[in-house]
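Dumped input-v7.cif below, it's mmCIF, C-alpha atoms and all ligand atoms:
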```cif
data_coords
loop_
_atom_site.label_atom_id
_atom_site.label_comp_id
_atom_site.auth_asym_id
_atom_site.auth_seq_id
_atom_site.Cartn_x
_atom_site.Cartn_y
_atom_site.Cartn_z
CA MET A 224 97.05 106.49 152.19
CA LYS A 225 96.44 103.05 150.79
CA ILE A 226 95.91 100.14 153.18
CA LEU A 227 95.89 96.49 152.18
CA THR A 228 93.80 94.67 154.80
CA ILE A 229 94.45 90.95 155.14
CA LEU A 230 91.74 88.82 156.70
CA GLY A 231 90.53 85.24 156.42
CA ALA A 232 89.12 83.88 159.68
CA ARG A 233 85.79 84.60 161.41
CA PRO A 234 87.09 86.84 164.22
CA GLN A 235 89.05 88.90 161.70
CA PHE A 236 85.90 89.82 159.77
CA ILE A 237 84.41 91.12 163.00
CA LYS A 238 87.54 93.05 164.01
CA ALA A 239 88.33 94.49 160.57
CA GLY A 240 84.66 95.44 160.10
CA SER A 241 84.99 98.07 162.83
CA VAL A 242 88.16 99.54 161.32
CA SER A 243 86.55 99.68 157.84
CA ARG A 244 83.66 101.59 159.39
CA ALA A 245 86.10 104.04 161.00
CA ILE A 246 87.90 104.53 157.66
CA LYS A 247 84.58 105.30 155.98
CA GLN A 248 83.72 107.75 158.74
CA TYR A 249 87.12 109.46 158.44
CA ASN A 250 86.80 109.74 154.63
CA SER A 251 83.36 111.29 154.96
CA GLN A 252 84.80 114.11 157.08
CA ILE A 253 87.85 115.19 155.09
CA THR A 254 87.77 117.93 152.47
CA ASN A 255 91.02 117.22 150.66
CA ASP A 256 91.03 114.15 148.39
CA LYS A 257 94.76 113.68 148.94
CA SER A 258 94.04 112.76 152.56
CA LEU A 259 91.62 109.97 151.63
CA ILE A 260 92.29 106.49 152.98
CA THR A 261 91.80 103.75 150.42
CA GLU A 262 91.27 100.27 151.83
CA ILE A 263 91.80 97.20 149.65
CA ILE A 264 90.53 94.03 151.33
CA VAL A 265 92.12 90.65 150.74
CA HIS A 266 90.23 87.58 151.98
CA THR A 267 92.63 84.65 152.11
CA GLY A 268 89.80 82.09 152.15
CA GLN A 269 90.97 80.52 155.42
CA HIS A 270 87.32 80.33 156.51
CA TYR A 271 85.05 79.62 153.59
CA ASP A 272 81.68 78.14 154.65
CA ALA A 273 78.84 80.64 154.20
CA ASN A 274 78.15 80.68 157.96
CA MET A 275 81.86 81.18 158.75
CA SER A 276 82.43 83.95 156.22
CA ASP A 277 79.77 85.42 153.86
CA ILE A 278 77.19 85.94 156.61
CA PHE A 279 79.47 88.43 158.40
CA PHE A 280 80.06 90.57 155.30
CA GLU A 281 76.35 90.59 154.53
CA GLU A 282 74.73 91.27 157.89
CA MET A 283 77.47 93.53 159.31
CA GLN A 284 77.80 95.46 156.04
CA ILE A 285 81.54 94.96 155.91
CA PRO A 286 82.90 96.05 152.50
CA LYS A 287 83.17 93.02 150.20
CA PRO A 288 86.74 91.77 149.69
CA ASP A 289 88.51 93.06 146.59
CA TYR A 290 90.49 89.84 146.34
CA PHE A 291 89.54 86.32 147.37
CA LEU A 292 92.52 83.97 147.46
CA GLY A 293 90.68 80.70 148.12
CA VAL A 294 93.29 79.17 150.43
CA GLY A 295 91.46 77.25 153.16
CA GLY A 296 91.15 73.79 154.69
CA LYS A 297 94.86 72.97 154.42
CA SER A 298 97.72 72.12 156.77
CA HIS A 299 99.54 75.01 158.45
CA GLY A 300 102.45 74.97 156.01
CA ALA A 301 100.44 74.59 152.82
CA MET A 302 97.94 77.22 153.89
CA THR A 303 100.46 79.79 155.08
CA GLY A 304 102.80 79.22 152.13
CA GLN A 305 100.07 79.57 149.51
CA MET A 306 98.71 82.65 151.24
CA ILE A 307 102.16 84.28 151.21
CA GLU A 308 102.54 83.61 147.50
CA LYS A 309 99.13 85.02 146.62
CA ILE A 310 99.22 88.02 148.98
CA GLU A 311 102.62 88.95 147.52
CA GLU A 312 101.11 89.08 144.02
CA VAL A 313 98.35 91.39 145.23
CA ALA A 314 100.78 93.59 147.17
CA LEU A 315 103.07 93.98 144.16
CA LYS A 316 100.10 95.00 142.04
CA GLU A 317 98.40 97.32 144.55
CA LYS A 318 101.58 98.89 146.03
CA PRO A 319 99.94 99.82 149.37
CA ASP A 320 101.51 102.14 151.95
CA TRP A 321 100.44 99.75 154.70
CA ILE A 322 99.54 96.13 155.14
CA MET A 323 97.18 95.70 158.08
CA VAL A 324 96.78 92.35 159.82
CA TYR A 325 94.57 91.25 162.72
CA GLY A 326 95.07 88.81 165.57
CA ASP A 327 97.06 85.61 165.36
CA THR A 328 95.86 83.31 162.60
CA ASN A 329 97.78 81.87 159.67
CA SER A 330 96.31 84.68 157.55
CA THR A 331 97.90 87.18 159.96
CA LEU A 332 101.32 85.59 159.68
CA ALA A 333 101.13 85.35 155.88
CA GLY A 334 100.29 89.06 155.57
CA ALA A 335 103.12 89.95 157.95
CA MET A 336 105.67 87.93 156.01
CA VAL A 337 104.74 89.62 152.73
CA ALA A 338 104.92 93.11 154.25
CA SER A 339 108.32 92.53 155.79
CA LYS A 340 109.87 91.01 152.65
CA LEU A 341 108.52 93.76 150.39
CA HIS A 342 109.37 96.52 152.92
CA ILE A 343 105.76 97.62 153.09
CA LYS A 344 104.85 99.12 156.45
CA LEU A 345 103.02 96.61 158.62
CA ALA A 346 100.32 97.41 161.18
CA HIS A 347 99.34 94.66 163.62
CA VAL A 348 96.00 94.98 165.36
CA GLU A 349 95.94 92.96 168.64
CA ALA A 350 99.69 93.13 169.08
CA GLY A 351 101.44 92.10 172.29
CA LEU A 352 99.04 89.39 173.44
CA ARG A 353 100.76 86.34 174.86
CA SER A 354 99.63 83.00 176.26
CA PHE A 355 103.24 81.92 176.91
CA ASN A 356 102.34 78.57 175.38
CA MET A 357 104.52 78.04 172.33
CA LYS A 358 102.60 74.90 171.37
CA MET A 359 99.70 77.09 170.28
CA PRO A 360 99.91 77.97 166.59
CA GLU A 361 98.45 81.36 167.50
CA GLU A 362 101.31 82.17 169.90
CA VAL A 363 103.89 81.53 167.18
CA ASN A 364 101.91 83.58 164.66
CA ARG A 365 101.58 86.57 166.95
CA ILE A 366 105.19 86.61 168.14
CA LEU A 367 106.54 86.47 164.59
CA THR A 368 104.05 89.10 163.39
CA ASP A 369 104.85 91.47 166.26
CA ARG A 370 108.56 91.21 165.55
CA VAL A 371 108.24 92.60 162.02
CA SER A 372 105.41 95.09 162.58
CA ASP A 373 106.09 98.81 162.22
CA ILE A 374 103.17 99.81 164.38
CA LEU A 375 101.91 97.56 167.16
CA PHE A 376 98.30 98.28 168.06
CA CYS A 377 97.91 96.80 171.53
CA PRO A 378 94.42 96.21 172.95
CA THR A 379 95.44 96.35 176.64
CA GLU A 380 98.11 97.66 178.95
CA THR A 381 99.14 94.04 179.62
CA ALA A 382 99.92 93.66 175.92
CA VAL A 383 102.11 96.78 176.00
CA GLU A 384 103.96 95.42 179.05
CA ASN A 385 104.46 92.02 177.36
CA LEU A 386 106.16 93.72 174.43
CA LYS A 387 108.39 95.84 176.66
CA LYS A 388 109.49 92.76 178.61
CA GLU A 389 110.50 91.13 175.33
CA GLY A 390 112.71 94.11 174.45
CA PHE A 391 110.37 95.89 172.04
CA PRO A 392 110.52 98.31 170.26
CA PHE A 393 112.92 96.92 167.64
CA SER A 394 114.10 98.18 164.28
CA THR A 395 112.26 96.97 161.20
CA ALA A 396 112.89 97.24 157.47
CA ASN A 397 111.13 100.61 157.55
CA GLY A 398 112.46 102.19 160.75
CA LYS A 399 111.71 101.84 164.43
CA GLN A 400 108.57 100.21 165.79
CA LYS A 401 105.86 102.22 167.49
CA ILE A 402 103.75 100.68 170.26
CA ALA A 403 100.28 102.16 170.89
CA ASN A 404 97.59 101.03 173.31
CA VAL A 405 94.52 101.84 171.23
CA GLY A 406 92.00 99.60 172.99
CA ASP A 407 90.22 96.55 171.68
CA VAL A 408 88.46 96.67 168.30
CA MET A 409 86.10 93.90 169.44
CA GLN A 410 84.60 96.28 171.98
CA ASP A 411 83.89 98.74 169.16
CA GLY A 412 81.91 96.00 167.39
CA ALA A 413 80.08 94.86 170.52
CA ILE A 414 78.90 98.40 171.23
CA PHE A 415 77.95 99.16 167.62
CA TYR A 416 75.99 95.96 167.00
CA LYS A 417 74.33 95.55 170.40
CA ASN A 418 71.12 97.25 169.30
CA LEU A 419 71.03 95.33 166.02
CA ALA A 420 71.31 91.94 167.71
CA GLN A 421 68.54 89.51 166.89
CA ILE A 422 67.83 85.83 167.12
CA THR A 423 66.91 84.18 163.83
CA SER A 424 67.21 80.49 164.76
CA ASN A 425 64.12 78.76 166.08
CA LEU A 426 65.68 77.98 169.46
CA GLN A 427 62.87 78.83 171.87
CA LEU A 428 65.15 79.92 174.65
CA GLU A 429 64.34 81.02 178.12
CA THR A 430 66.15 84.33 178.48
CA SER A 431 68.88 84.35 181.17
CA ASN A 432 68.54 80.65 181.72
CA PHE A 433 70.85 79.08 179.19
CA ILE A 434 74.59 78.69 178.78
CA LEU A 435 76.34 79.77 175.59
CA CYS A 436 79.25 77.51 174.71
CA THR A 437 81.82 77.37 171.87
CA ILE A 438 84.72 74.97 171.33
CA HIS A 439 87.20 75.05 168.48
CA ARG A 440 90.78 75.34 169.75
CA ALA A 441 93.27 72.87 168.30
CA GLU A 442 94.46 71.98 171.82
CA ASN A 443 90.94 70.71 172.60
CA THR A 444 89.70 69.38 169.26
CA ASP A 445 92.93 67.55 168.42
CA ASN A 446 93.24 65.90 171.83
CA PRO A 447 90.60 63.14 172.27
CA GLN A 448 91.05 63.02 176.07
CA ARG A 449 90.54 66.74 176.50
CA LEU A 450 87.52 66.79 174.20
CA LYS A 451 85.97 63.78 175.97
CA SER A 452 86.49 65.36 179.38
CA ILE A 453 84.92 68.66 178.25
CA PHE A 454 81.86 66.88 176.84
CA GLU A 455 81.49 64.74 179.95
CA ALA A 456 81.29 67.95 181.96
CA LEU A 457 78.85 69.54 179.48
CA ASN A 458 76.64 66.43 179.64
CA GLU A 459 76.49 66.77 183.44
CA ILE A 460 75.71 70.47 183.32
CA ALA A 461 73.06 69.94 180.64
CA LYS A 462 71.10 67.84 183.15
CA LYS A 463 70.56 71.08 185.08
CA GLN A 464 70.60 73.84 182.48
CA GLN A 465 70.24 74.16 178.73
CA ILE A 466 73.46 74.67 176.78
CA ILE A 467 73.52 76.22 173.31
CA LEU A 468 76.63 75.23 171.38
CA PRO A 469 77.09 76.84 167.94
CA LEU A 470 79.67 74.43 166.67
CA HIS A 471 82.76 75.32 164.65
CA PRO A 472 83.12 73.01 161.60
CA ARG A 473 86.48 71.82 162.89
CA THR A 474 84.88 70.47 166.06
CA ARG A 475 81.88 69.07 164.21
CA LYS A 476 84.19 67.01 162.01
CA VAL A 477 86.05 65.62 165.04
CA ILE A 478 82.82 64.77 166.87
CA GLN A 479 81.40 63.04 163.81
CA ALA A 480 84.54 60.92 163.50
CA SER A 481 84.56 60.00 167.21
CA ASN A 482 82.19 58.05 169.44
CA LEU A 483 81.63 60.86 171.93
CA GLU A 484 78.41 60.53 173.88
CA LEU A 485 76.29 63.67 173.90
CA GLU A 486 73.36 64.56 176.13
CA THR A 487 71.29 65.68 173.16
CA SER A 488 68.05 66.95 174.68
CA ASN A 489 69.49 69.84 176.71
CA LEU A 490 72.86 70.21 175.01
CA LYS A 491 71.76 71.84 171.81
CA ILE A 492 74.37 71.74 169.06
CA ILE A 493 73.65 74.16 166.24
CA ASP A 494 75.54 75.41 163.19
CA PRO A 495 77.74 78.49 163.61
CA VAL A 496 75.60 81.61 163.78
CA GLY A 497 76.11 85.11 162.40
CA TYR A 498 77.43 87.88 164.60
CA LEU A 499 74.06 89.55 165.19
CA GLU A 500 72.61 86.30 166.51
CA MET A 501 75.77 85.65 168.49
CA VAL A 502 75.51 89.03 170.20
CA TRP A 503 71.88 88.25 171.05
CA LEU A 504 72.91 84.91 172.56
CA ILE A 505 75.69 86.51 174.63
CA ASP A 506 73.41 89.28 175.82
CA ASN A 507 70.67 86.84 176.85
CA CYS A 508 72.58 83.90 178.30
CA SER A 509 73.46 83.45 181.96
CA LEU A 510 76.97 82.09 181.46
CA VAL A 511 79.58 81.68 178.71
CA MET A 512 81.77 78.58 178.47
CA THR A 513 84.37 78.76 175.73
CA ASP A 514 87.88 78.24 174.44
CA SER A 515 87.50 81.22 172.08
CA GLY A 516 89.68 84.27 172.53
CA GLY A 517 87.13 86.82 171.42
CA LEU A 518 84.18 85.38 173.27
CA GLN A 519 85.93 85.70 176.64
CA LYS A 520 85.91 89.47 176.22
CA GLU A 521 82.43 89.63 174.76
CA ALA A 522 81.16 87.85 177.87
CA TYR A 523 82.67 90.68 179.90
CA PHE A 524 81.27 93.39 177.59
CA PHE A 525 77.80 91.96 178.28
CA SER A 526 78.45 91.44 182.02
CA LYS A 527 78.38 87.65 181.85
CA PRO A 528 80.71 85.31 183.72
CA CYS A 529 82.99 83.18 181.59
CA ILE A 530 84.46 79.74 182.14
CA THR A 531 87.46 79.33 179.87
CA LEU A 532 88.13 75.83 178.59
CA ARG A 533 91.84 76.45 178.14
CA ASP A 534 94.93 76.21 180.34
CA GLU A 535 95.76 79.89 179.99
CA THR A 536 94.42 83.11 178.53
CA GLU A 537 95.80 86.20 176.87
CA TRP A 538 93.07 88.27 178.56
CA VAL A 539 94.53 87.98 182.05
CA GLU A 540 92.85 91.14 183.34
CA LEU A 541 89.50 89.32 183.25
CA VAL A 542 90.86 86.56 185.47
CA GLU A 543 92.37 89.15 187.82
CA ILE A 544 89.02 90.89 188.35
CA GLY A 545 87.29 87.54 188.89
CA VAL A 546 84.92 87.41 185.90
CA ASN A 547 86.80 84.70 184.00
CA THR A 548 87.73 81.30 185.43
CA ILE A 549 90.39 79.23 183.69
CA VAL A 550 89.60 75.54 183.98
CA GLY A 551 91.37 73.84 181.08
CA ALA A 552 89.71 70.59 180.06
CA ASP A 553 89.43 69.05 183.53
CA LYS A 554 85.91 67.72 184.13
CA GLU A 555 85.88 68.37 187.89
CA LYS A 556 87.28 71.89 187.52
CA ILE A 557 84.65 72.68 184.90
CA LEU A 558 81.87 71.42 187.18
CA ASP A 559 83.24 73.35 190.18
CA ALA A 560 83.46 76.56 188.15
CA TYR A 561 79.90 76.00 186.92
CA LYS A 562 78.65 75.68 190.51
CA ALA A 563 80.55 78.81 191.57
CA SER A 564 79.23 80.85 188.62
CA SER A 565 75.75 81.08 190.11
CA ASN A 566 77.13 83.49 192.75
CA PHE A 567 78.59 85.77 190.12
CA LYS A 568 77.96 89.52 190.33
CA LEU A 569 79.88 91.78 187.99
CA GLN A 570 81.07 94.90 189.81
CA THR A 571 83.24 96.43 187.16
CA SER A 572 81.22 99.30 185.76
CA ASN A 573 83.98 101.83 186.43
CA LEU A 574 86.70 99.76 184.80
CA ASN A 575 87.87 100.64 181.32
CA LEU A 576 89.98 97.65 180.41
CA TYR A 577 89.51 97.71 176.64
CA GLY A 578 89.34 101.34 175.59
CA GLY A 579 85.57 101.83 175.67
CA GLY A 580 84.84 101.43 171.94
CA LYS A 581 87.27 103.92 170.39
CA ALA A 582 89.94 101.50 169.20
CA SER A 583 89.23 101.77 165.46
CA GLU A 584 89.20 105.56 165.60
CA ASN A 585 92.49 105.50 167.53
CA ILE A 586 94.03 103.18 164.94
CA ILE A 587 93.26 105.63 162.11
CA LYS A 588 94.65 108.54 164.13
CA GLU A 589 97.87 106.65 164.89
CA LEU A 590 98.37 105.66 161.24
CA LEU A 591 97.97 109.29 160.14
CA ILE A 592 100.44 110.48 162.79
CA PHE A 593 102.95 107.77 161.83
CA ASP A 594 102.80 108.82 158.17
CA LYS A 595 103.12 112.59 158.78
C1 LIG B 601 91.60 79.44 163.07
C2 LIG B 601 92.77 80.08 163.80
C3 LIG B 601 92.41 80.26 165.27
C4 LIG B 601 91.11 81.01 165.43
C5 LIG B 601 90.01 80.37 164.60
C6 LIG B 601 88.79 81.25 164.62
C7 LIG B 601 94.96 79.46 162.90
C8 LIG B 601 96.18 78.65 163.10
N1 LIG B 601 93.95 79.22 163.75
O1 LIG B 601 91.40 78.15 163.63
O2 LIG B 601 93.43 81.00 165.92
O3 LIG B 601 90.75 81.01 166.79
O4 LIG B 601 90.45 80.25 163.23
O5 LIG B 601 87.64 80.55 164.35
O6 LIG B 601 94.93 80.26 162.01
N2 LIG B 601 86.68 74.48 158.36
C9 LIG B 601 85.56 74.29 157.58
N3 LIG B 601 84.95 75.41 157.08
C10 LIG B 601 85.40 76.67 157.28
C11 LIG B 601 86.56 76.84 158.06
C12 LIG B 601 87.18 75.73 158.60
O7 LIG B 601 85.12 73.19 157.35
O8 LIG B 601 84.78 77.63 156.81
C13 LIG B 601 87.34 73.28 158.92
C14 LIG B 601 88.32 72.64 157.93
O9 LIG B 601 88.29 71.25 158.15
C15 LIG B 601 89.65 73.17 158.42
C16 LIG B 601 89.42 73.23 159.93
O10 LIG B 601 88.08 73.63 160.08
O11 LIG B 601 90.72 72.37 158.05
C17 LIG B 601 90.33 74.18 160.66
O12 LIG B 601 90.29 75.47 160.06
P1 LIG B 601 91.54 76.45 160.20
O13 LIG B 601 91.22 77.74 159.56
O14 LIG B 601 92.79 75.76 159.79
O15 LIG B 601 91.68 76.63 161.76
P2 LIG B 601 90.60 77.04 162.85
O16 LIG B 601 90.46 75.92 163.79
O17 LIG B 601 89.40 77.59 162.21
N1 LIG B 602 81.10 84.03 166.72
C1 LIG B 602 80.01 84.12 165.86
N2 LIG B 602 79.27 82.99 165.63
C2 LIG B 602 79.57 81.80 166.17
C3 LIG B 602 80.68 81.71 167.04
C4 LIG B 602 81.43 82.85 167.28
O1 LIG B 602 79.71 85.20 165.36
O2 LIG B 602 78.86 80.82 165.90
C5 LIG B 602 81.90 85.24 166.98
C6 LIG B 602 82.13 85.55 168.44
O3 LIG B 602 81.04 86.24 168.99
C7 LIG B 602 83.39 86.39 168.36
C8 LIG B 602 84.16 85.73 167.25
O4 LIG B 602 83.20 85.01 166.48
O5 LIG B 602 83.09 87.72 167.97
C9 LIG B 602 85.17 84.80 167.85
O6 LIG B 602 85.66 83.96 166.88
P1 LIG B 602 86.29 82.54 167.21
O7 LIG B 602 85.83 82.06 168.52
O8 LIG B 602 86.05 81.71 166.02
O9 LIG B 602 87.84 82.87 167.22
P2 LIG B 602 88.86 83.37 168.34
O10 LIG B 602 88.35 84.63 168.93
O11 LIG B 602 89.02 82.27 169.32
O12 LIG B 602 90.13 83.56 167.59
#
```

What would the structure in this file look like if it were written as structure tokens?
Amino acid sequence: MKILTILGARPQFIKAGSVSRAIKQYNSQITNDKSLITEIIVHTGQHYDANMSDIFFEEMQIPKPDYFLGVGGKSHGAMTGQMIEKIEEVALKEKPDWIMVYGDTNSTLAGAMVASKLHIKLAHVEAGLRSFNMKMPEEVNRILTDRVSDILFCPTETAVENLKKEGFPFSTANGKQKIANVGDVMQDGAIFYKNLAQITSNLQLETSNFILCTIHRAENTDNPQRLKSIFEALNEIAKKQQIILPLHPRTRKVIQASNLELETSNLKIIDPVGYLEMVWLIDNCSLVMTDSGGLQKEAYFFSKPCITLRDETEWVELVEIGVNTIVGADKEKILDAYKASSNFKLQTSNLNLYGGGKASENIIKELLIFDK
């Protein structure tokens, strides 16, 4: 079986890294060469700074991409269009059995479009997630990708239910769709890398007494009022507790171009960090504040409360069990949630919301069954 993996953005390196590891593990166990899985990795170039891309391949030992398309830093249309053109060339040359895409970025959508037009089977990892906010570019990307996928790898039962409510499964160019709840590949990574986590920055942090924060969503960075309100809240909180903010380049550019006031002594803005350092920060912080999708779950994996700086989340089960508070960009709501977080006690040890770290293995099994 030949798989063409399409990735391009930071969270996709982390997700696909676990599946590559599972492929390697599978290949090491089979005796018949005909059953080998060959993975060809295409990096679209959506994220291109060393600390947004190379660092993950190096420190997580993810196989180096076979193709680098160099399409990053462009508008949605230019980026997605150029990715489609270049992925198509690779797909025609490599003739894979499967194209595998992850999540909901423009790289995901581009890979999905190529697969469906060339009638190559498409596997979507993180299928079925919905925010029900069609203004989010991610929501559009994931809905379109799900529609043309042959196998929909859902991370949660909620994702499966979302698809069913929308009338899935549908027919595709290759047959009828299969929906499988395989669990969440990010949990596989969190478990695997926990013991390798290390801090390399010279941050001098007091363990369990700092907040880890990230902000990069278009809805926050591209809306000056929302961004101002979030930073006003962070400035207040920083008077009481240190905040570490590894800043996405998108947000850094907006902040540099604005006249936002920042409480600089206790609100520590640093460059994006590698995954091993990130895992250390999550494991050692007292609270996560973020608009990231992935980080909301990682907070849960490491038993930390999370305040989500968005108006909705795809990971609704975390809100239902009370470990994630949705506050949007409202200063007062953020401050209230911060106050309430000090009473947080995670009592979820018997819950298995995300598959327990077997998602990548399940994905390989499902692909082999589908192809039998
Ligand atoms: C993208 C995804 C988003 C995901 C995020 C993960 C889409 C539509 N959005 O958002 O779902 O949560 O990745 O981090 O695909 N930039 C750099 N260096 C880099 C990468 C980006 O300077 O290495 C800057 C550029 O100015 C670029 C901007 O960030 O134009 C936005 O990058 P882009 O990939 O378009 O979107 P993200 O905000 O990263
Ligand atoms: N991450 C990282 N370094 C950082 C910020 C985030 O390694 O400086 C990791 C984070 O732990 C998670 C993933 O990147 O595994 C999430 O990516 P991001 O927030 O960019 O995207 P999203 O999940 O919102 O799509």

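Among A:Met512, A:Leu504, A:Leu518, A:Ile549, the residue with the shortest atom-to-atom distance to A:Ser424, counting all atoms listed in the file, is A:Leu504.
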
Nearby residues (all atoms listed in the file) at most 9 Å from A:Gln269, same-chain spacing under 3 positions excluded, as a PDB file with C-alpha atoms, keeping the file's coordinate frame:
```pdb
ATOM      1  CA  LEU A 230      91.740  88.820 156.700  1.00  0.00           C
ATOM      2  CA  GLY A 231      90.530  85.240 156.420  1.00  0.00           C
ATOM      3  CA  ALA A 232      89.120  83.880 159.680  1.00  0.00           C
ATOM      4  CA  ARG A 233      85.790  84.600 161.410  1.00  0.00           C
ATOM      5  CA  HIS A 266      90.230  87.580 151.980  1.00  0.00           C
ATOM      6  CA  LEU A 292      92.520  83.970 147.460  1.00  0.00           C
ATOM      7  CA  GLY A 293      90.680  80.700 148.120  1.00  0.00           C
ATOM      8  CA  VAL A 294      93.290  79.170 150.430  1.00  0.00           C
ATOM      9  CA  GLY A 295      91.460  77.250 153.160  1.00  0.00           C
ATOM     10  CA  GLY A 296      91.150  73.790 154.690  1.00  0.00           C
ATOM     11  CA  LYS A 297      94.860  72.970 154.420  1.00  0.00           C
ATOM     12  CA  MET A 302      97.940  77.220 153.890  1.00  0.00           C
ATOM     13  CA  ASN A 329      97.780  81.870 159.670  1.00  0.00           C
ATOM     14  CA  SER A 330      96.310  84.680 157.550  1.00  0.00           C
TER      15      SER A 330
END
```

Problem set entry | Straight-line distance linking atom CA of A:Met501 with atom CA of A:Tyr325, stated in Å to one decimal | 20.4 Å

For this session: Could you report the residues within 9 Å of ligand LIG 601 (chain B), using only C-alpha atoms and all ligand atoms, as JSON, numbers by chain?
Result: {"A": [231, 232, 233, 234, 235, 268, 269, 270, 271, 272, 273, 274, 275, 276, 295, 296, 297, 298, 299, 302, 303, 326, 327, 328, 329, 330, 331, 332, 359, 360, 361, 362, 364, 439, 440, 441, 444, 471, 472, 473, 474, 475, 476, 514, 515, 516, 517]}

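Coordinates place atom CA of A:Ala350 at a distance of 8.7 Å from atom CA of A:Ile402.
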
For this session: Would you kindly return, as a PyMOL selection string, each protein, DNA or RNA residue with an atom no farther than 12 Å from any atom of A:Gln427, considering all atoms listed in the file and excluding same-chain residues fewer than 3 positions away?
Result: chain A and resi 422-424+430+432-433+465+467+491+504

Exercise. What separation in Å, quoted to one decimal, exists between atom CA of A:Asp506 and atom CA of A:Lys520?
Worked result: 12.5 Å

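Counting only C-alpha atoms and all ligand atoms and comparing A:Gly551, A:Gly240, A:Gly578, A:Gly334, the residue that lies closest to ligand LIG 602 (chain B) is A:Gly240.
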
Exercise. With distances taken over all atoms listed in the file, which of A:Gln305, A:Gln519, A:Asn404, A:Asn566 is nearest to ligand LIG 602 (chain B)?
Worked result: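 Using all atoms listed in the file, ligand LIG 602 (chain B) sits closest to A:Gln519.
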
Exercise. Using all atoms listed in the file, which of the listed residues (A:Asp411, A:Asp373, A:Asp256, A:Glu312) sits closest to ligand LIG 602 (chain B)?
Worked result: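 Comparing A:Asp411, A:Asp373, A:Asp256, A:Glu312 against ligand LIG 602 (chain B), the winner is A:Asp411.
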
Seminar exercise, completed: If you count all atoms listed in the file, the residue of A:Lys225, A:Ile310, A:Glu455, A:Tyr416 closest to A:Ile246 turns out to be A:Lys225

Seminar exercise, completed: In terms of only C-alpha atoms and all ligand atoms, the residue from A:Thr437, A:Ser488, A:Thr267, A:Asn418 at minimal distance from ligand LIG 602 (chain B) is A:Thr437

For this session: Please identify all polymer residues within 9 Å of stretch 314-317 of chain A, counting only C-alpha atoms, omitting same-chain residues fewer than 6 positions from it, and present them as a PyMOL selection string.
Result: chain A and resi 225+227+263+337-338+341+343

For this session: Quick one: everything within 7 Å of A:Val265, counting all atoms listed in the file, minus sequence neighbours fewer than 5 positions away in the same chain. Send it as a ChimeraX atom specification.
Result: /A:228-230,288-291

Serialized selection, C-alpha atoms, as an mmCIF file, in the frame of the given file:
```cif
data_model
loop_
_atom_site.group_PDB
_atom_site.id
_atom_site.type_symbol
_atom_site.label_atom_id
_atom_site.label_comp_id
_atom_site.auth_asym_id
_atom_site.auth_seq_id
_atom_site.Cartn_x
_atom_site.Cartn_y
_atom_site.Cartn_z
ATOM 1 C CA THR A 228 93.800 94.670 154.800
ATOM 2 C CA ILE A 229 94.450 90.950 155.140
ATOM 3 C CA LEU A 230 91.740 88.820 156.700
ATOM 4 C CA PRO A 288 86.740 91.770 149.690
ATOM 5 C CA ASP A 289 88.510 93.060 146.590
ATOM 6 C CA TYR A 290 90.490 89.840 146.340
ATOM 7 C CA PHE A 291 89.540 86.320 147.370
#
```

Problem set entry | Residues near A:Val542, cut-off 12 Å, only C-alpha atoms, skip fewer than 6 positions along chain, as number ranges by chain | A: 519-520, 523, 528-531, 535-536, 548-550

Edge lengths and centre in Å, axis-aligned, ligand LIG 602 (chain B) plus 4 Å each side, as JSON:
```
{"center_x": 84.5, "center_y": 84.3, "center_z": 167.3, "size_x": 19.3, "size_y": 14.9, "size_z": 12.0}
```
